[in-house]
Every structure is written in structure tokens, then in C-alpha cells.
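With mmCIF, C-alpha atoms inside, this is protein_19.cif:
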data_start
#
loop_
_atom_site.label_atom_id
_atom_site.label_comp_id
_atom_site.auth_asym_id
_atom_site.auth_seq_id
_atom_site.Cartn_x
_atom_site.Cartn_y
_atom_site.Cartn_z
CA MET A 450 0.00 0.00 0.00
CA GLU A 451 1.12 3.52 -0.80
CA ARG A 452 0.13 6.79 0.83
CA THR A 453 -0.23 10.18 -0.76
CA PHE A 454 -1.17 13.64 0.41
CA ALA A 455 -4.08 15.65 -0.96
CA ILE A 456 -5.65 19.04 -0.40
CA ILE A 457 -9.11 20.17 -1.35
CA LYS A 458 -8.20 23.79 -2.01
CA PRO A 459 -9.99 26.99 -0.89
CA ASP A 460 -11.86 27.51 -4.17
CA ALA A 461 -13.54 24.10 -3.87
CA VAL A 462 -14.23 24.35 -0.12
CA GLU A 463 -15.72 27.85 -0.55
CA ARG A 464 -18.16 26.51 -3.15
CA GLY A 465 -19.23 23.53 -1.02
CA LEU A 466 -17.58 20.92 -3.25
CA ALA A 467 -15.60 19.01 -0.61
CA GLY A 468 -18.27 16.32 -0.21
CA GLN A 469 -18.44 15.63 -3.95
CA ILE A 470 -14.65 15.42 -4.16
CA LEU A 471 -14.49 13.09 -1.14
CA SER A 472 -17.11 10.86 -2.77
CA ARG A 473 -14.99 10.58 -5.92
CA ILE A 474 -11.95 9.72 -3.83
CA GLU A 475 -13.76 6.87 -2.11
CA GLU A 476 -15.41 5.69 -5.34
CA LYS A 477 -11.93 5.28 -6.85
CA GLY A 478 -10.90 2.94 -4.04
CA PHE A 479 -8.84 5.28 -1.88
CA LYS A 480 -8.92 4.75 1.86
CA ILE A 481 -8.93 8.06 3.75
CA VAL A 482 -6.49 7.48 6.61
CA GLY A 483 -6.28 11.13 7.68
CA MET A 484 -8.57 14.09 7.13
CA LYS A 485 -9.11 17.51 8.67
CA LYS A 486 -10.42 20.91 7.73
CA ILE A 487 -7.95 23.66 8.60
CA GLN A 488 -7.22 27.32 7.97
CA LEU A 489 -3.61 27.80 6.90
CA SER A 490 -1.78 30.90 8.02
CA LEU A 491 0.29 32.68 5.40
CA SER A 492 3.49 31.42 7.05
CA GLN A 493 2.21 27.82 7.07
CA ALA A 494 1.39 28.07 3.36
CA GLN A 495 4.83 29.53 2.69
CA GLY A 496 6.47 26.66 4.59
CA PHE A 497 4.47 24.07 2.72
CA TYR A 498 5.20 25.56 -0.71
CA TYR A 499 8.81 26.48 0.15
CA VAL A 500 10.07 24.44 -2.81
CA HIS A 501 8.42 27.05 -5.07
CA LYS A 502 9.76 30.14 -3.24
CA GLU A 503 11.75 31.37 -6.25
CA ARG A 504 8.87 30.92 -8.69
CA PRO A 505 6.88 33.99 -9.82
CA PHE A 506 3.57 32.50 -8.60
CA PHE A 507 4.77 31.77 -5.02
CA ASN A 508 3.24 34.81 -3.27
CA ASP A 509 -0.11 34.51 -5.07
CA LEU A 510 -0.23 30.76 -4.36
CA CYS A 511 0.44 31.25 -0.65
CA SER A 512 -2.14 34.04 -0.39
CA PHE A 513 -4.72 31.86 -2.16
CA MET A 514 -4.03 28.83 0.02
CA SER A 515 -4.36 30.86 3.22
CA ARG A 516 -7.47 32.88 2.27
CA SER A 517 -10.02 30.36 3.58
CA PRO A 518 -10.20 26.78 4.89
CA VAL A 519 -8.89 23.71 3.10
CA VAL A 520 -9.40 20.00 3.65
CA VAL A 521 -6.14 18.09 4.00
CA LEU A 522 -6.08 14.34 3.42
CA CYS A 523 -3.80 11.36 3.65
CA LEU A 524 -4.97 8.76 1.12
CA GLU A 525 -3.95 5.12 0.85
CA LYS A 526 -4.18 2.47 -1.87
CA GLU A 527 -1.96 0.65 -4.33
CA ASN A 528 -0.38 3.27 -6.64
CA ALA A 529 -1.96 6.05 -4.57
CA ILE A 530 0.29 8.84 -5.87
CA ALA A 531 -0.24 8.14 -9.56
CA ASP A 532 -3.92 7.28 -9.14
CA TRP A 533 -4.64 10.49 -7.20
CA ARG A 534 -2.84 12.57 -9.81
CA THR A 535 -4.93 10.90 -12.53
CA LEU A 536 -8.15 11.57 -10.62
CA MET A 537 -7.16 15.23 -10.09
CA GLY A 538 -6.36 15.80 -13.77
CA ALA A 539 -3.91 18.20 -15.37
CA THR A 540 -2.84 21.28 -13.38
CA ASN A 541 -4.50 23.48 -15.99
CA PRO A 542 -8.17 22.47 -16.01
CA ALA A 543 -8.38 23.44 -19.69
CA ASN A 544 -6.04 20.50 -20.39
CA ALA A 545 -7.62 18.08 -17.90
CA GLU A 546 -9.49 14.97 -19.01
CA PRO A 547 -13.30 14.90 -18.67
CA GLY A 548 -14.41 13.40 -15.38
CA THR A 549 -11.36 14.60 -13.44
CA ILE A 550 -11.67 16.84 -10.41
CA ARG A 551 -9.93 19.77 -12.05
CA LYS A 552 -11.93 19.52 -15.29
CA ASP A 553 -15.21 19.33 -13.40
CA PHE A 554 -14.59 21.74 -10.50
CA ALA A 555 -11.57 24.02 -11.03
CA LYS A 556 -12.06 27.69 -11.83
CA ASN A 557 -8.70 28.13 -13.60
CA ILE A 558 -5.04 27.11 -13.41
CA GLU A 559 -4.53 29.09 -10.18
CA GLU A 560 -7.75 27.98 -8.47
CA ASN A 561 -7.66 24.36 -9.54
CA SER A 562 -9.50 22.78 -6.58
CA ALA A 563 -7.00 20.07 -5.61
CA HIS A 564 -3.37 19.39 -4.74
CA GLY A 565 -1.55 16.09 -4.65
CA SER A 566 1.93 14.77 -3.97
CA ASP A 567 3.86 14.15 -7.17
CA ALA A 568 6.37 11.57 -5.87
CA PRO A 569 7.05 9.37 -2.83
CA GLU A 570 9.62 11.90 -1.58
CA THR A 571 7.06 14.71 -1.80
CA ALA A 572 4.46 12.65 0.05
CA ALA A 573 7.06 11.89 2.75
CA PHE A 574 7.39 15.66 3.36
CA GLU A 575 3.76 16.66 2.87
CA ILE A 576 1.95 14.06 5.00
CA PRO A 577 3.84 14.80 8.26
CA TYR A 578 3.63 18.55 7.58
CA PHE A 579 -0.08 18.26 8.41
CA PHE A 580 -0.54 14.97 10.28
CA SER A 581 1.10 13.34 13.28
CA ALA A 582 1.41 9.55 13.23
CA LEU A 583 -1.40 9.37 15.81
CA GLU A 584 -3.78 11.10 13.41
CA LEU A 585 -3.34 8.52 10.64
CA VAL A 586 -5.75 5.66 11.14
CA GLY A 587 -5.28 2.79 8.71
#

Could I get this structure in the form of C-alpha cells?
Amino acid sequence: MERTFAIIKPDAVERGLAGQILSRIEEKGFKIVGMKKIQLSLSQAQGFYYVHKERPFFNDLCSFMSRSPVVVLCLEKENAIADWRTLMGATNPANAEPGTIRKDFAKNIEENSAHGSDAPETAAFEIPYFFSALELVG
């Protein structure tokens, strides 16, 4: 079994889409082993997205992610990282496949409704950034 990290981003939570996204996650065979709704501070968002600090979108991304609550998740299944990325769809919803979260729910490339780890090393950083071992119930 593999674990990955996911976020239902502010744009989706603000529009009341978290339940629909969670349903899709479970329908695709993911086990939710950790979940909480939180409000990120700007500094927490900056710490999480630190890898992008030199990118031109960093400040806008951190402001967006800290503007309202998000739902953070730890998901588990075989091939969880790749399968979650497939279910999310392309970063730019205009390029996402029909039936993906980003195609169906995202507003645009900046407000694209979902985040997911892109590699085992990323998941190894992202999961404990938000969850203690005691909060992950397999």
C-alpha cells in the first residue's frame, strides 16, 4: 500500500464541493487514513510551498491557500500517488481529461480545486507537515 497527500483547495471548499470530491476519492478505491479541515496561516502556506519560493507564482499561491479553509487528506491504496494525480487531472483544467476533479470543478489554473503529492519523496514531506502519526488511522 502507498500513501499520498491531498488538499481540497480553498476555491472548492468555498463553493461547497468538498463532499463531492471526497465521494470521488472513495469511489476510486482510496482509503482516507487522515482528514481535517484547517485554515492555513500565510506562514504555514509559505512553509508548505517552500520548494516554489523562487517561482513567480509563489506569493499569489500562498495568499490563495491561506485565504479560507482547506481539507487536508492522507490517502492510501496501491499506486496512490499516480492514481490520485490521474483523478485530479492536469494542473491546468483546460487541459484536464473529462471526469477529473480539475476539469469538473476548477475555476482556472490558479484555483484548480485540488493538490496532490507528485512523488514518494514529496508525500514523505507533505503528510507529516499536516498529520502526526497518531492522526493517521489505517

In Å, how far is it from atom CA of A:Glu559 to atom CA of A:Leu489? 17.2 Å

Can you spell out as a VMD selection string the set of residues that the PyMOL selection byres ((chain A and resi 452) around 10) selects in the structure I just provided? chain A and resid 450 to 451 453 to 455 479 to 482 523 to 530 566 569 572 to 573 576

Neighbours of point (-7.9, 25.6, -11.0) within 12 Å, using all atoms listed in the file, written as a VMD selection string: chain A and resid 457 to 461 510 513 537 to 545 549 to 564

Running the PyMOL selection byres ((chain A and resi 585) around 9) on this model by hand, what would come out? Give it as a PyMOL selection string. chain A and resi 481-484+523+580-584+586-587

Resulting file, chosen residues, C-alpha atoms, as a PDB file, in the coordinates of the input:
ATOM      1  CA  ILE A 481      -8.930   8.060   3.750  1.00  0.00           C
ATOM      2  CA  VAL A 482      -6.490   7.480   6.610  1.00  0.00           C
ATOM      3  CA  GLY A 483      -6.280  11.130   7.680  1.00  0.00           C
ATOM      4  CA  MET A 484      -8.570  14.090   7.130  1.00  0.00           C
ATOM      5  CA  CYS A 523      -3.800  11.360   3.650  1.00  0.00           C
ATOM      6  CA  PHE A 580      -0.540  14.970  10.280  1.00  0.00           C
ATOM      7  CA  SER A 581       1.100  13.340  13.280  1.00  0.00           C
ATOM      8  CA  ALA A 582       1.410   9.550  13.230  1.00  0.00           C
ATOM      9  CA  LEU A 583      -1.400   9.370  15.810  1.00  0.00           C
ATOM     10  CA  GLU A 584      -3.780  11.100  13.410  1.00  0.00           C
ATOM     11  CA  VAL A 586      -5.750   5.660  11.140  1.00  0.00           C
ATOM     12  CA  GLY A 587      -5.280   2.790   8.710  1.00  0.00           C
TER      13      GLY A 587
END

Grab the atom CA of A:Glu475 to atom CA of A:Gln488 distance for me, in Å with one decimal place.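 Answer for the atom CA of A:Glu475 to atom CA of A:Gln488 separation: 23.7 Å.
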
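Every protein or nucleic acid residue with an atom no more than 6 Å from A:Val520, counting only C-alpha atoms and leaving out same-chain residues fewer than 6 positions away, appears here: Ile456, Ile457, Lys485 and Lys486 of chain A.
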
Mind rebuilding stretch 515-531 of chain A with N, CA and C atoms and writing that out as a PDB file, keeping the file's coordinate frame?
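Output saved as result-v7.pdb:
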ATOM      1  N   SER A 515      -4.090  30.435   1.839  1.00  0.00           N
ATOM      2  CA  SER A 515      -4.360  30.860   3.220  1.00  0.00           C
ATOM      3  C   SER A 515      -5.600  31.767   3.321  1.00  0.00           C
ATOM      4  N   ARG A 516      -6.329  31.946   2.241  1.00  0.00           N
ATOM      5  CA  ARG A 516      -7.470  32.880   2.270  1.00  0.00           C
ATOM      6  C   ARG A 516      -8.702  32.317   2.960  1.00  0.00           C
ATOM      7  N   SER A 517      -8.862  31.002   2.958  1.00  0.00           N
ATOM      8  CA  SER A 517     -10.020  30.360   3.580  1.00  0.00           C
ATOM      9  C   SER A 517      -9.675  28.883   3.828  1.00  0.00           C
ATOM     10  N   PRO A 518     -10.547  28.155   4.526  1.00  0.00           N
ATOM     11  CA  PRO A 518     -10.200  26.780   4.890  1.00  0.00           C
ATOM     12  C   PRO A 518      -9.950  25.842   3.715  1.00  0.00           C
ATOM     13  N   VAL A 519      -9.176  24.813   4.010  1.00  0.00           N
ATOM     14  CA  VAL A 519      -8.890  23.710   3.100  1.00  0.00           C
ATOM     15  C   VAL A 519      -9.175  22.402   3.828  1.00  0.00           C
ATOM     16  N   VAL A 520      -9.300  21.331   3.071  1.00  0.00           N
ATOM     17  CA  VAL A 520      -9.400  20.000   3.650  1.00  0.00           C
ATOM     18  C   VAL A 520      -8.131  19.259   3.253  1.00  0.00           C
ATOM     19  N   VAL A 521      -7.364  18.835   4.265  1.00  0.00           N
ATOM     20  CA  VAL A 521      -6.140  18.090   4.000  1.00  0.00           C
ATOM     21  C   VAL A 521      -6.418  16.611   4.249  1.00  0.00           C
ATOM     22  N   LEU A 522      -5.804  15.773   3.402  1.00  0.00           N
ATOM     23  CA  LEU A 522      -6.080  14.340   3.420  1.00  0.00           C
ATOM     24  C   LEU A 522      -4.812  13.517   3.277  1.00  0.00           C
ATOM     25  N   CYS A 523      -4.786  12.388   3.922  1.00  0.00           N
ATOM     26  CA  CYS A 523      -3.800  11.360   3.650  1.00  0.00           C
ATOM     27  C   CYS A 523      -4.598  10.188   3.065  1.00  0.00           C
ATOM     28  N   LEU A 524      -4.251   9.806   1.852  1.00  0.00           N
ATOM     29  CA  LEU A 524      -4.970   8.760   1.120  1.00  0.00           C
ATOM     30  C   LEU A 524      -4.081   7.538   0.969  1.00  0.00           C
ATOM     31  N   GLU A 525      -4.714   6.362   0.958  1.00  0.00           N
ATOM     32  CA  GLU A 525      -3.950   5.120   0.850  1.00  0.00           C
ATOM     33  C   GLU A 525      -4.605   4.170  -0.142  1.00  0.00           C
ATOM     34  N   LYS A 526      -3.785   3.558  -0.974  1.00  0.00           N
ATOM     35  CA  LYS A 526      -4.180   2.470  -1.870  1.00  0.00           C
ATOM     36  C   LYS A 526      -2.953   2.076  -2.671  1.00  0.00           C
ATOM     37  N   GLU A 527      -3.032   0.995  -3.408  1.00  0.00           N
ATOM     38  CA  GLU A 527      -1.960   0.650  -4.330  1.00  0.00           C
ATOM     39  C   GLU A 527      -1.840   1.774  -5.356  1.00  0.00           C
ATOM     40  N   ASN A 528      -0.621   2.202  -5.661  1.00  0.00           N
ATOM     41  CA  ASN A 528      -0.380   3.270  -6.640  1.00  0.00           C
ATOM     42  C   ASN A 528      -1.113   4.566  -6.306  1.00  0.00           C
ATOM     43  N   ALA A 529      -1.188   4.887  -5.018  1.00  0.00           N
ATOM     44  CA  ALA A 529      -1.960   6.050  -4.570  1.00  0.00           C
ATOM     45  C   ALA A 529      -1.505   7.357  -5.218  1.00  0.00           C
ATOM     46  N   ILE A 530      -0.202   7.559  -5.334  1.00  0.00           N
ATOM     47  CA  ILE A 530       0.290   8.840  -5.870  1.00  0.00           C
ATOM     48  C   ILE A 530      -0.155   9.014  -7.317  1.00  0.00           C
ATOM     49  N   ALA A 531       0.127   8.043  -8.137  1.00  0.00           N
ATOM     50  CA  ALA A 531      -0.240   8.140  -9.560  1.00  0.00           C
ATOM     51  C   ALA A 531      -1.756   8.165  -9.738  1.00  0.00           C
TER      52      ALA A 531
END
